[in-house]
Every structure is written in structure tokens, then in C-alpha cells.
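Colleague: Provided herewith: my_file-v1.cif, mmCIF, C-alpha atoms.
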data_final
#
loop_
_atom_site.label_atom_id
_atom_site.label_comp_id
_atom_site.auth_asym_id
_atom_site.auth_seq_id
_atom_site.Cartn_x
_atom_site.Cartn_y
_atom_site.Cartn_z
CA MET A 1 25.22 -18.34 -2.18
CA SER A 2 25.86 -15.98 0.72
CA THR A 3 22.77 -15.15 2.76
CA PHE A 4 21.73 -12.21 4.91
CA ASP A 5 19.19 -11.76 7.69
CA ILE A 6 16.23 -9.39 7.43
CA LEU A 7 14.36 -7.33 10.00
CA LEU A 8 10.84 -6.59 8.78
CA LEU A 9 8.96 -3.80 10.55
CA GLY A 10 5.16 -3.92 10.79
CA GLY A 11 2.40 -6.35 11.54
CA GLY A 12 -0.29 -6.04 8.88
CA GLY A 13 -1.38 -8.00 5.83
CA ARG A 14 1.21 -6.31 3.64
CA GLU A 15 4.00 -7.41 6.01
CA HIS A 16 2.59 -10.95 6.13
CA ALA A 17 2.79 -11.03 2.31
CA LEU A 18 6.37 -9.71 2.39
CA ALA A 19 7.33 -12.26 5.03
CA ARG A 20 6.04 -15.09 2.82
CA CYS A 21 8.30 -13.83 0.02
CA PHE A 22 11.33 -13.59 2.29
CA VAL A 23 11.06 -17.09 3.77
CA ALA A 24 10.88 -18.54 0.25
CA ASP A 25 13.97 -16.55 -0.82
CA PRO A 26 17.24 -18.54 -0.85
CA ALA A 27 19.21 -15.33 -0.16
CA VAL A 28 17.50 -14.83 3.22
CA GLY A 29 18.94 -16.44 6.31
CA ASP A 30 16.89 -15.59 9.38
CA LEU A 31 13.77 -13.43 9.25
CA HIS A 32 13.02 -11.18 12.22
CA ILE A 33 9.70 -9.33 12.51
CA ALA A 34 8.81 -6.40 14.75
CA PRO A 35 6.16 -6.60 16.00
CA GLY A 36 4.45 -8.93 13.50
CA ASN A 37 1.17 -10.72 14.11
CA PRO A 38 0.15 -14.28 15.07
CA GLY A 39 0.02 -15.37 11.43
CA MET A 40 3.66 -14.43 10.95
CA ALA A 41 4.93 -16.32 14.00
CA ALA A 42 5.74 -19.44 11.97
CA LEU A 43 7.70 -17.44 9.40
CA GLY A 44 10.25 -15.70 11.61
CA THR A 45 11.17 -14.53 15.10
CA ARG A 46 8.90 -11.82 16.45
CA HIS A 47 10.23 -8.96 18.58
CA ASP A 48 7.98 -6.80 20.74
CA ILE A 49 9.30 -3.30 20.08
CA ASP A 50 7.77 -0.07 18.84
CA ALA A 51 8.51 -0.09 15.10
CA ALA A 52 8.23 3.73 15.05
CA ASP A 53 10.96 4.19 17.70
CA PRO A 54 14.21 4.86 15.79
CA ASP A 55 16.48 4.09 18.75
CA ALA A 56 14.73 0.80 19.51
CA VAL A 57 14.85 -0.31 15.87
CA VAL A 58 18.54 0.54 15.47
CA ALA A 59 19.38 -1.26 18.72
CA LEU A 60 17.51 -4.39 17.63
CA ALA A 61 18.94 -4.39 14.11
CA THR A 62 22.45 -3.94 15.48
CA ASP A 63 22.02 -6.67 18.09
CA LEU A 64 20.71 -9.10 15.47
CA GLY A 65 23.33 -8.17 12.89
CA VAL A 66 20.79 -8.09 10.07
CA GLY A 67 21.82 -7.30 6.51
CA LEU A 68 18.65 -5.39 5.62
CA VAL A 69 15.76 -3.67 7.38
CA VAL A 70 12.50 -3.44 5.43
CA ILE A 71 10.01 -0.87 6.74
CA GLY A 72 6.39 -1.75 6.01
CA PRO A 73 4.07 0.89 7.56
CA GLU A 74 4.12 4.63 7.05
CA ALA A 75 4.44 5.65 10.72
CA PRO A 76 8.08 4.49 11.17
CA LEU A 77 9.03 6.23 7.92
CA VAL A 78 7.55 9.56 8.96
CA ALA A 79 9.22 9.07 12.38
CA GLY A 80 12.65 8.90 10.71
CA VAL A 81 13.48 5.25 11.37
CA ALA A 82 15.16 4.93 7.96
CA ASP A 83 17.40 7.94 8.72
CA ALA A 84 18.52 6.43 12.01
CA LEU A 85 19.32 3.07 10.40
CA ARG A 86 21.35 4.62 7.60
CA LYS A 87 23.25 6.78 10.09
CA ALA A 88 24.14 3.54 11.91
CA GLY A 89 25.41 2.01 8.66
CA ILE A 90 22.55 -0.47 8.28
CA ASP A 91 21.00 -1.06 4.86
CA CYS A 92 17.36 -0.01 4.88
CA PHE A 93 14.57 -0.23 2.33
CA GLY A 94 12.40 2.79 3.03
CA PRO A 95 12.60 6.54 2.42
CA SER A 96 14.05 9.12 4.76
CA ARG A 97 11.82 11.23 6.99
CA GLU A 98 12.01 14.14 4.53
CA ALA A 99 11.26 11.94 1.51
CA ALA A 100 8.38 10.26 3.35
CA VAL A 101 6.60 13.62 3.42
CA LEU A 102 5.45 12.64 -0.09
CA GLU A 103 2.84 10.60 1.79
CA GLY A 104 2.86 12.48 5.08
CA SER A 105 1.59 15.68 3.42
CA LYS A 106 -0.79 15.77 0.47
CA ALA A 107 0.14 19.42 -0.06
CA PHE A 108 3.84 18.58 -0.33
CA ALA A 109 3.09 15.81 -2.82
CA LYS A 110 1.15 18.28 -4.96
CA GLU A 111 4.06 20.73 -4.79
CA VAL A 112 6.48 18.04 -5.99
CA MET A 113 4.13 16.96 -8.76
CA ALA A 114 3.80 20.54 -9.98
CA ALA A 115 7.56 21.04 -10.01
CA ALA A 116 8.10 17.73 -11.80
CA GLY A 117 5.35 18.29 -14.37
CA VAL A 118 3.41 15.22 -13.26
CA PRO A 119 -0.18 15.03 -14.54
CA THR A 120 -2.60 15.34 -11.62
CA ALA A 121 -5.88 16.92 -10.57
CA GLN A 122 -6.26 20.65 -10.00
CA SER A 123 -6.17 21.40 -6.29
CA ARG A 124 -6.28 24.03 -3.56
CA VAL A 125 -4.46 23.82 -0.22
CA CYS A 126 -6.70 25.21 2.53
CA ASP A 127 -5.86 26.13 6.11
CA THR A 128 -9.29 27.39 7.20
CA ILE A 129 -12.82 26.07 6.80
CA GLU A 130 -13.68 29.24 4.89
CA GLN A 131 -10.96 28.51 2.34
CA ALA A 132 -12.01 24.87 2.13
CA THR A 133 -15.67 25.77 1.57
CA ALA A 134 -14.72 28.19 -1.19
CA ALA A 135 -12.59 25.53 -2.90
CA ILE A 136 -15.36 22.93 -2.55
CA ASP A 137 -17.73 25.32 -4.28
CA GLU A 138 -15.14 26.29 -6.90
CA PHE A 139 -14.64 22.70 -8.09
CA GLY A 140 -18.21 21.56 -7.50
CA PRO A 141 -19.35 17.97 -7.18
CA THR A 142 -18.06 15.33 -7.10
CA HIS A 143 -16.16 16.75 -4.08
CA VAL A 144 -12.70 15.41 -3.18
CA VAL A 145 -11.46 16.41 0.29
CA LYS A 146 -8.11 15.10 1.56
CA ASN A 147 -6.65 15.49 5.02
CA ASP A 148 -3.16 16.90 4.45
CA ALA A 149 -1.68 14.63 7.13
CA LEU A 150 -1.61 10.86 7.61
CA ALA A 151 -5.00 9.47 8.58
CA GLY A 152 -4.65 5.69 8.49
CA GLY A 153 -6.33 5.35 5.10
CA LYS A 154 -9.39 7.30 6.26
CA GLY A 155 -8.38 10.86 5.41
CA VAL A 156 -10.06 11.12 2.02
CA VAL A 157 -13.75 11.77 1.39
CA VAL A 158 -15.18 11.61 -2.13
CA THR A 159 -18.83 12.65 -2.14
CA ASP A 160 -21.55 14.49 -4.04
CA ASP A 161 -22.87 15.82 -0.71
CA ARG A 162 -21.56 19.34 -0.15
CA GLN A 163 -22.31 19.30 3.58
CA GLU A 164 -20.48 15.98 4.02
CA ALA A 165 -17.46 17.44 2.22
CA ILE A 166 -17.46 20.56 4.39
CA ALA A 167 -17.95 18.50 7.56
CA HIS A 168 -14.92 16.34 6.72
CA ALA A 169 -12.81 19.41 5.97
CA SER A 170 -13.77 20.91 9.33
CA THR A 171 -12.31 17.89 11.19
CA CYS A 172 -8.97 17.84 9.39
CA GLY A 173 -7.21 21.13 9.93
CA ARG A 174 -5.21 21.63 6.75
CA VAL A 175 -6.86 20.02 3.73
CA VAL A 176 -6.32 19.63 0.00
CA ILE A 177 -9.44 20.12 -2.12
CA GLU A 178 -9.20 18.63 -5.61
CA SER A 179 -11.15 18.43 -8.81
CA PHE A 180 -12.69 14.99 -9.28
CA LEU A 181 -10.92 12.49 -11.54
CA ASP A 182 -13.28 10.04 -13.24
CA GLY A 183 -12.41 6.64 -14.67
CA PRO A 184 -10.99 3.40 -13.25
CA GLU A 185 -8.17 3.58 -10.73
CA VAL A 186 -4.81 1.81 -10.95
CA SER A 187 -2.11 1.22 -8.35
CA LEU A 188 1.50 0.87 -9.47
CA PHE A 189 4.33 0.06 -7.06
CA VAL A 190 7.86 1.08 -8.02
CA ILE A 191 11.01 -0.07 -6.20
CA CYS A 192 13.36 2.94 -6.14
CA ASP A 193 17.05 3.43 -5.32
CA GLY A 194 17.16 7.23 -5.39
CA GLU A 195 17.79 7.52 -9.13
CA ARG A 196 16.15 4.52 -10.78
CA GLY A 197 12.89 2.63 -10.42
CA ILE A 198 11.72 -0.92 -11.17
CA PRO A 199 7.94 -1.24 -11.57
CA LEU A 200 5.87 -4.13 -10.26
CA LEU A 201 2.61 -5.27 -11.84
CA PRO A 202 -0.23 -2.74 -11.89
CA ALA A 203 -3.18 -3.64 -9.67
CA GLN A 204 -6.63 -2.31 -8.86
CA ASP A 205 -8.05 -2.02 -5.36
CA PHE A 206 -11.60 -1.56 -4.08
CA LYS A 207 -11.72 1.34 -1.63
CA ARG A 208 -15.42 1.63 -0.77
CA VAL A 209 -16.76 -0.52 2.01
CA GLY A 210 -19.71 -2.05 0.14
CA ASP A 211 -20.51 -3.92 -3.05
CA GLY A 212 -20.85 -1.75 -6.12
CA ASP A 213 -18.55 0.84 -4.54
CA ALA A 214 -21.18 1.86 -1.99
CA GLY A 215 -20.49 3.49 1.36
CA PRO A 216 -17.46 5.30 2.78
CA ASN A 217 -13.85 5.01 1.70
CA THR A 218 -11.70 2.47 3.52
CA GLY A 219 -8.06 1.47 3.43
CA GLY A 220 -9.07 -1.09 0.80
CA MET A 221 -11.48 -4.05 0.77
CA GLY A 222 -9.65 -6.13 -1.84
CA ALA A 223 -7.57 -6.03 -4.99
CA TYR A 224 -6.52 -7.95 -8.08
CA ALA A 225 -3.61 -8.13 -10.51
CA PRO A 226 -2.72 -7.97 -13.34
CA LEU A 227 -5.19 -5.69 -15.16
CA PRO A 228 -6.36 -7.30 -18.43
CA TRP A 229 -8.08 -4.06 -19.49
CA ALA A 230 -5.11 -1.73 -18.97
CA PRO A 231 -3.22 -0.38 -22.01
CA GLU A 232 0.02 -2.27 -22.72
CA SER A 233 1.90 1.03 -22.62
CA LEU A 234 0.58 2.04 -19.18
CA VAL A 235 3.60 1.05 -17.07
CA GLU A 236 6.05 2.60 -19.51
CA GLU A 237 4.02 5.82 -19.55
CA VAL A 238 3.88 6.01 -15.75
CA MET A 239 7.61 5.44 -15.46
CA GLU A 240 8.36 8.12 -18.05
CA ARG A 241 5.82 10.80 -17.09
CA VAL A 242 5.52 10.25 -13.33
CA VAL A 243 8.26 8.20 -11.68
CA ALA A 244 11.35 9.48 -13.50
CA PRO A 245 10.53 13.20 -13.07
CA THR A 246 9.45 12.67 -9.45
CA LEU A 247 12.69 10.88 -8.55
CA ALA A 248 14.66 13.62 -10.31
CA GLU A 249 12.78 16.36 -8.44
CA MET A 250 13.28 14.65 -5.08
CA HIS A 251 16.98 14.24 -5.84
CA ARG A 252 17.20 17.92 -6.83
CA ARG A 253 15.73 18.85 -3.44
CA GLY A 254 18.39 16.80 -1.65
CA THR A 255 15.86 14.19 -0.50
CA SER A 256 16.56 11.26 -2.83
CA PHE A 257 13.79 8.68 -2.66
CA ILE A 258 14.92 5.18 -1.68
CA GLY A 259 12.11 2.73 -1.07
CA LEU A 260 8.72 1.87 -2.49
CA LEU A 261 6.89 4.61 -4.38
CA TYR A 262 3.18 3.85 -4.66
CA VAL A 263 1.55 5.70 -7.53
CA GLY A 264 -2.24 5.91 -7.36
CA LEU A 265 -3.68 6.69 -10.79
CA ALA A 266 -7.00 7.52 -12.42
CA MET A 267 -7.48 6.61 -16.08
CA THR A 268 -9.69 9.57 -16.90
CA SER A 269 -11.95 9.88 -19.93
CA ARG A 270 -10.79 13.40 -20.84
CA SER A 271 -7.19 13.78 -19.68
CA GLY A 272 -5.90 10.21 -19.75
CA MET A 273 -3.63 9.07 -16.95
CA GLN A 274 -3.65 11.35 -13.87
CA VAL A 275 -1.97 10.85 -10.49
CA ILE A 276 -4.35 10.73 -7.53
CA GLU A 277 -1.74 10.33 -4.81
CA PHE A 278 1.68 9.08 -3.79
CA ASN A 279 2.34 6.72 -0.92
CA VAL A 280 5.82 5.77 0.23
CA ARG A 281 5.43 2.08 1.13
CA PHE A 282 3.80 -1.07 -0.16
CA GLY A 283 0.05 -0.47 -0.39
CA ASP A 284 -2.47 -2.62 1.39
CA PRO A 285 -4.22 -4.75 0.02
CA GLU A 286 -2.71 -4.54 -3.50
CA THR A 287 0.63 -5.86 -2.21
CA GLN A 288 -0.97 -9.18 -1.31
CA ALA A 289 -2.15 -9.74 -4.89
CA VAL A 290 0.97 -8.43 -6.64
CA LEU A 291 3.49 -10.36 -4.56
CA ALA A 292 1.50 -13.57 -5.07
CA LEU A 293 2.58 -13.41 -8.72
CA LEU A 294 6.25 -12.44 -8.31
CA GLU A 295 8.72 -15.19 -9.25
CA THR A 296 11.94 -13.19 -8.80
CA PRO A 297 13.31 -13.50 -5.24
CA LEU A 298 12.46 -10.17 -3.63
CA ALA A 299 15.05 -9.68 -0.89
CA GLY A 300 18.00 -9.11 -3.20
CA VAL A 301 16.05 -6.54 -5.21
CA LEU A 302 15.17 -4.55 -2.08
CA ARG A 303 18.75 -4.74 -0.83
CA ALA A 304 20.04 -3.48 -4.20
CA ALA A 305 17.60 -0.57 -3.96
CA ALA A 306 18.78 0.23 -0.43
CA ARG A 307 22.35 0.38 -1.74
CA GLY A 308 21.58 2.44 -4.86
CA GLU A 309 22.35 -0.52 -7.11
CA LEU A 310 19.16 -1.24 -9.04
CA ASP A 311 21.17 -1.06 -12.26
CA THR A 312 22.57 -4.48 -11.31
CA VAL A 313 19.12 -6.12 -11.05
CA ALA A 314 17.79 -8.28 -13.90
CA PRO A 315 14.22 -7.75 -15.17
CA LEU A 316 11.62 -9.13 -12.78
CA ARG A 317 9.94 -12.45 -13.58
CA TRP A 318 6.22 -12.97 -13.07
CA ARG A 319 3.90 -15.98 -12.94
CA ASP A 320 1.59 -16.35 -15.91
CA ALA A 321 -1.43 -16.15 -13.64
CA HIS A 322 -3.89 -13.82 -11.90
CA ALA A 323 -4.33 -13.08 -8.20
CA VAL A 324 -7.25 -11.76 -6.16
CA VAL A 325 -7.22 -10.79 -2.48
CA VAL A 326 -10.47 -10.33 -0.55
CA VAL A 327 -10.40 -8.48 2.78
CA GLU A 328 -12.45 -9.84 5.66
CA ALA A 329 -13.17 -6.86 7.91
CA ALA A 330 -14.68 -6.49 11.37
CA GLN A 331 -18.26 -5.31 11.77
CA GLY A 332 -18.30 -1.55 12.20
CA TYR A 333 -15.31 -0.90 9.95
CA PRO A 334 -14.27 1.73 8.87
CA TYR A 335 -15.75 3.68 11.80
CA ALA A 336 -15.74 1.65 15.01
CA PRO A 337 -14.72 -1.96 14.28
CA LEU A 338 -15.74 -4.66 16.70
CA THR A 339 -12.66 -6.25 18.28
CA GLY A 340 -11.96 -9.30 20.40
CA CYS A 341 -13.99 -11.58 18.13
CA PRO A 342 -12.79 -15.21 17.69
CA ILE A 343 -11.34 -16.30 14.35
CA THR A 344 -10.44 -19.65 12.82
CA VAL A 345 -8.20 -19.69 9.76
CA PRO A 346 -8.25 -22.48 7.14
CA THR A 347 -5.17 -24.37 6.00
CA ASP A 348 -3.23 -22.74 3.21
CA ASP A 349 -2.60 -24.46 -0.12
CA GLU A 350 -0.59 -23.59 -3.22
CA HIS A 351 -3.51 -21.76 -4.84
CA ALA A 352 -5.05 -19.93 -1.86
CA TRP A 353 -3.90 -18.69 1.51
CA THR A 354 -4.87 -16.36 4.35
CA LEU A 355 -2.85 -13.34 5.39
CA GLN A 356 -3.44 -11.91 8.85
CA ALA A 357 -3.62 -8.17 9.51
CA GLY A 358 -5.81 -7.07 12.43
CA THR A 359 -5.30 -10.14 14.63
CA THR A 360 -3.92 -10.90 18.06
CA GLU A 361 -4.02 -13.77 20.55
CA THR A 362 -6.03 -13.68 23.75
CA ASP A 363 -5.94 -16.66 26.13
CA GLY A 364 -4.52 -18.79 23.36
CA ARG A 365 -7.25 -17.88 20.86
CA LEU A 366 -6.93 -15.90 17.65
CA VAL A 367 -9.15 -12.80 17.81
CA SER A 368 -9.68 -9.58 15.86
CA CYS A 369 -8.00 -6.37 17.01
CA ALA A 370 -8.54 -3.91 14.15
CA GLY A 371 -10.77 -3.07 11.20
CA ARG A 372 -9.25 -5.06 8.37
CA VAL A 373 -8.63 -8.47 9.88
CA LEU A 374 -7.72 -10.96 7.15
CA GLY A 375 -6.77 -10.99 3.49
CA ILE A 376 -7.63 -14.13 1.54
CA VAL A 377 -5.55 -14.61 -1.60
CA GLY A 378 -6.52 -16.78 -4.56
CA VAL A 379 -4.36 -17.47 -7.62
CA GLY A 380 -5.59 -18.92 -10.90
CA PRO A 381 -4.90 -19.06 -14.64
CA ASP A 382 -7.40 -16.27 -15.28
CA LEU A 383 -9.13 -13.59 -13.26
CA GLU A 384 -12.42 -15.45 -12.83
CA ASP A 385 -10.65 -18.57 -11.59
CA ALA A 386 -8.57 -16.52 -9.14
CA ARG A 387 -11.78 -14.89 -7.83
CA ALA A 388 -13.47 -18.25 -7.38
CA THR A 389 -10.41 -19.66 -5.60
CA ALA A 390 -10.19 -16.72 -3.20
CA TYR A 391 -13.89 -16.79 -2.31
CA ALA A 392 -13.84 -20.58 -1.88
CA LYS A 393 -11.04 -20.23 0.65
CA LEU A 394 -12.87 -17.34 2.32
CA ALA A 395 -15.88 -19.61 2.83
CA GLU A 396 -13.67 -21.77 5.09
CA VAL A 397 -12.83 -18.85 7.40
CA GLY A 398 -14.53 -18.86 10.78
CA PHE A 399 -15.28 -15.25 11.72
CA GLU A 400 -18.93 -14.69 12.61
CA ASP A 401 -18.38 -11.00 13.26
CA GLY A 402 -16.67 -10.34 9.94
CA PHE A 403 -17.90 -9.10 6.57
CA HIS A 404 -16.50 -8.67 3.06
CA ARG A 405 -17.39 -7.44 -0.40
CA ASP A 406 -18.67 -10.02 -2.88
CA ASP A 407 -17.49 -8.20 -6.02
CA ILE A 408 -13.71 -8.08 -5.55
CA GLY A 409 -11.91 -8.84 -8.79
CA ILE A 410 -14.71 -7.61 -11.06
CA PRO A 411 -13.09 -4.70 -12.95
CA HIS A 412 -14.66 -1.31 -12.27
#
Please, can you express the file's structure as C-alpha cells?
Modeller:
Amino acid sequence: MSTFDILLLGGGGREHALARCFVADPAVGDLHIAPGNPGMAALGTRHDIDAADPDAVVALATDLGVGLVVIGPEAPLVAGVADALRKAGIDCFGPSREAAVLEGSKAFAKEVMAAAGVPTAQSRVCDTIEQATAAIDEFGPTHVVKNDALAGGKGVVVTDDRQEAIAHASTCGRVVIESFLDGPEVSLFVICDGERGIPLLPAQDFKRVGDGDAGPNTGGMGAYAPLPWAPESLVEEVMERVVAPTLAEMHRRGTSFIGLLYVGLAMTSRSGMQVIEFNVRFGDPETQAVLALLETPLAGVLRAAARGELDTVAPLRWRDAHAVVVVEAAQGYPYAPLTGCPITVPTDDEHAWTLQAGTTETDGRLVSCAGRVLGIVGVGPDLEDARATAYAKLAEVGFEDGFHRDDIGIPH
């Protein structure tokens, strides 16, 4: 079998999960990571460059002679790194700058959904606080206020407090105000080649900071997959009603979508499946749970997508198991996380492992450097066993300044 080298951009928990897949893939030769994190050091060669600098990424990829660049975070995508790589003739898994606006602008995503006939919440795009206040009052509680631009997973406020909603809108500039979608949420990742999509397993994440979905929204405090309560037809319905028309609309606009389309869904009581949002990269922390169950080697699938060749890929194979990931966050997250706190990580085993996200090394010690610090993954034959395995491994983590939710993996 011929092999190819990979350059993976990013340094969070999602990239750590991807790196684990790549090093286990017989098609992958050398794995290069830029910039990575201490937990990824044993999996590949780290390179200290700015992953959102197109020229630096192209120069590194060219110098290394890699066969594929995989872009993890949103910032390099919005900065046009994928465009620069493709212009240089380098295969890249990640959408162009124009296609990445699906995540970079909530208003643009709504425009595409409307044109494609995708089911989603009613909304108003507001450029002034007066417009936003009027829209907040029009829809009434529960209020949903979304920063139009990227906000590191902290741009959305969902609240019954009118003043809190208005206050958030006043800090954002352009905002999208939406009607509230009730019901459980689902995340579905779809690998896309511009025309076709291959879905991964649906997952559910836990966005609020506290047990019982209390407190402010975060980037995600944990996730699990698969979803035993989800309708068997869910993935097929999403592909037919959401993904296919969205890919067709993007292609019609001359901005074909190549990369990972993240579809955030609400399973509403009145209107059925509705799209909450699109992201344009693997979501964190759902990726950690979903990839723990993937048996098909991933690198070849992503390379086929980068080349517009998903029609050559066989159906994905999955473990007959469940996975749960619990996020260990730093005190103060999601507002002002405490950093520089020492961490000790337990030894991985075949059923549970630790993925690093907000970590760095100082004077030879592993310390926290961001809000979401670790993701602890547990795999088991059923959901309850996977939960127990993840929390048992979490109990071995040494991080006195960390905290986590105790209800990850309990469907809600």
C-alpha cells in the first residue's frame, strides 16, 4: 500500500482525536502537526507556525511534501488557508474562505438555508441595538441571540431574561435573533467533496456549563454517540433535506463546499427536525466521541473528499459500541479561565484515554492554558458502561483547579 504524509493544523482536543486516527491508519506515513499540543507530541512532529497564516502553511506543506493538509480550527479556514493550499496544488480537507462563511457569518448561513429550503428557525438579522431589541420582543422568550461573526463558541446566548438578551446583542455588533427551537439537540458531521456527502454518527453535546444544563453556554462540556433515542431515519432525512440542498446551493453560488459540514439540529416537538446552525469543521467535543467509534481508516476518506472523489469510498464501518467524552475545564470557564495550573494525566488504555486541548508545558510541567483543558473518552458496550468508564478515568486525572459536569452521557 502506498502511503502519504499528513499536515494537521490545530492544537485542540478535536485535533488530538484526529491525530490518534491518523497514526493508526496504515495509509499515513508521517504525521506533522502545527502547532499541536503536548499530548500530541508522541503522535507526530510538531511545527511552531501560525496555522492561520496561509503563506506559512503553504511553505511548510511544500517543504514537507505532504500528501494532504487537514485543517482543524475555524480561524485558518476563514483566513483562506485552504484557498492558498489548493492554489499551490496541495490536497486540502477544508472549505475555501468563501465557503467557510457558512460558519463565519450566521446571517449568511440563514441566507443559504432559505435559498436551499432547509428547515430552520425564523430569524431577523439586526445591525443596530434598536433592531435587535425589536426582534427580541417580536419573538419573545426564550430569547436566542447570536453574534453574526465567529466568537470562539461563546457568541450565542439563550435566555428567558430580556435584559440579558439585549445586553448580549449590544456587545456583538451585527446579530441574528431567532425564534427558540425546543427539543433535544443533535450534531451530525458530514464529510463533503463539493457535490456529495458521507455522514458520520450523530452525537449529542452538552453546551451549558453546569449539571442539568445550568449556567451559560460554552463550547461544549461533553458529548456522547451514538444516540439510542434518535429515529432510525434521522441521518437519511438530514442528508436529503439539509445536506444535499445546501451543497447544491453552495455549488450554484460558485463556492462548492469541500470539507466537514457540521449540522446542528433541534428535534422540535411541533416542527420536527430544524437546523440550529452550520459549522465548517469537526465540532468539539463531539468529534472525540464519534471518532472513538470509527473503524474505517479516516485519512483516505478525507483525501478522497479533498479530490472530489467520495464516490469511490466504501460505506463507513463503525464499532458496535458507545462512546462518552467528558470535558475537564479550568475554573472560571467560560468567562475568565484560570491558567498555568499543573496537570497530571493518567495512562491511556484501550477503553479510555485523555485528549489534551488547553494545555502547554512550562518548565517541563504540563499546565492549563485555556478554558477547556482535557477531554476524557470512555468506550463501552452500552451508554451507561461508556459513561462509567469515562468518569473512572477522569477520577485519575490530577487537576485541582479543574471542574466538569457529572451528567454527561445522560440523554437530555
Colleague: Can you turn the PyMOL selection byres ((chain A and resi 298-308) around 9) into a concrete residue list for this file, as a PyMOL selection string?
Modeller: chain A and resi 6+18+21-22+25+27-28+67-70+91-94+191-197+258-259+294-297+309-313
Colleague: Translate the PyMOL selection byres ((chain A and resi 373) around 6), as applied to the file shown, into an explicit residue set as a PyMOL selection string.
Modeller: chain A and resi 328-329+357-358+371-372+374
Colleague: I'd like to know which of A:Gly254, A:Gly402, A:Pro202, A:Gly44 is closest to Pro228 (chain A), using all atoms listed in the file.
Modeller: A:Pro202
Colleague: Any chance you could work out the residue set of the PyMOL selection byres ((chain A and resi 218-220) around 9) here, as a list in words?
Modeller: Gly152, Gly153, Lys154, Val156, Asp205, Phe206, Lys207, Arg208, Val209, Pro216, Asn217, Met221, Gly222, Ala223, Asp284, Pro285, Glu286, Val327, Tyr333, Pro334 and Arg372 of chain A
Colleague: Go ahead and write the selection's residues with C-alpha atoms as an mmCIF file, in the coordinates of the input.
Modeller:
data_model
loop_
_atom_site.group_PDB
_atom_site.id
_atom_site.type_symbol
_atom_site.label_atom_id
_atom_site.label_comp_id
_atom_site.auth_asym_id
_atom_site.auth_seq_id
_atom_site.Cartn_x
_atom_site.Cartn_y
_atom_site.Cartn_z
ATOM 1 C CA GLY A 152 -4.650 5.690 8.490
ATOM 2 C CA GLY A 153 -6.330 5.350 5.100
ATOM 3 C CA LYS A 154 -9.390 7.300 6.260
ATOM 4 C CA VAL A 156 -10.060 11.120 2.020
ATOM 5 C CA ASP A 205 -8.050 -2.020 -5.360
ATOM 6 C CA PHE A 206 -11.600 -1.560 -4.080
ATOM 7 C CA LYS A 207 -11.720 1.340 -1.630
ATOM 8 C CA ARG A 208 -15.420 1.630 -0.770
ATOM 9 C CA VAL A 209 -16.760 -0.520 2.010
ATOM 10 C CA PRO A 216 -17.460 5.300 2.780
ATOM 11 C CA ASN A 217 -13.850 5.010 1.700
ATOM 12 C CA MET A 221 -11.480 -4.050 0.770
ATOM 13 C CA GLY A 222 -9.650 -6.130 -1.840
ATOM 14 C CA ALA A 223 -7.570 -6.030 -4.990
ATOM 15 C CA ASP A 284 -2.470 -2.620 1.390
ATOM 16 C CA PRO A 285 -4.220 -4.750 0.020
ATOM 17 C CA GLU A 286 -2.710 -4.540 -3.500
ATOM 18 C CA VAL A 327 -10.400 -8.480 2.780
ATOM 19 C CA TYR A 333 -15.310 -0.900 9.950
ATOM 20 C CA PRO A 334 -14.270 1.730 8.870
ATOM 21 C CA ARG A 372 -9.250 -5.060 8.370
#
Colleague: List as a ChimeraX atom specification the protein and nucleic acid residues near region 161-177 of chain A, meaning an atom at most 10 Å away when only C-alpha atoms are counted, but skip any in the same chain fewer than 5 places from it.
Modeller: /A:105-107,110,121-149,151,155-156
Colleague: Give me, as a PDB file with C-alpha atoms, keeping the file's coordinate frame, all polymer residues having an atom no more than 9 Å from Gly12 (chain A), counting all atoms listed in the file and skipping those fewer than 2 positions away in the same chain.
Modeller:
ATOM      1  CA  GLY A  10       5.160  -3.920  10.790  1.00  0.00           C
ATOM      2  CA  ARG A  14       1.210  -6.310   3.640  1.00  0.00           C
ATOM      3  CA  GLU A  15       4.000  -7.410   6.010  1.00  0.00           C
ATOM      4  CA  HIS A  16       2.590 -10.950   6.130  1.00  0.00           C
ATOM      5  CA  ALA A  17       2.790 -11.030   2.310  1.00  0.00           C
ATOM      6  CA  GLY A  36       4.450  -8.930  13.500  1.00  0.00           C
ATOM      7  CA  ASN A  37       1.170 -10.720  14.110  1.00  0.00           C
ATOM      8  CA  GLY A  72       6.390  -1.750   6.010  1.00  0.00           C
ATOM      9  CA  PRO A  73       4.070   0.890   7.560  1.00  0.00           C
ATOM     10  CA  ASP A 284      -2.470  -2.620   1.390  1.00  0.00           C
ATOM     11  CA  LEU A 355      -2.850 -13.340   5.390  1.00  0.00           C
ATOM     12  CA  GLN A 356      -3.440 -11.910   8.850  1.00  0.00           C
ATOM     13  CA  ALA A 357      -3.620  -8.170   9.510  1.00  0.00           C
ATOM     14  CA  GLY A 358      -5.810  -7.070  12.430  1.00  0.00           C
ATOM     15  CA  THR A 359      -5.300 -10.140  14.630  1.00  0.00           C
ATOM     16  CA  VAL A 373      -8.630  -8.470   9.880  1.00  0.00           C
TER      17      VAL A 373
END
Colleague: My list of candidates is A:Gly340, A:Gly117, A:Pro76, A:Gly409. Which is closest to Ala203 (chain A) when distances are computed with only C-alpha atoms?
Modeller: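 Smallest separation from Ala203 (chain A) among the options: A:Gly409.
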Colleague: So how many Å separate CA of Pro199 (chain A) and CA of Met239 (chain A), to one decimal?
Modeller: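 Separation between CA of Pro199 (chain A) and CA of Met239 (chain A): 7.7 Å.
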Colleague: Using all atoms listed in the file, which of the listed residues (A:Gly11, A:Pro231, A:Gly375, A:Gly80) sits closest to Ser96 (chain A)?
Modeller: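 Of the candidates, the smallest distance to Ser96 (chain A) is held by A:Gly80.
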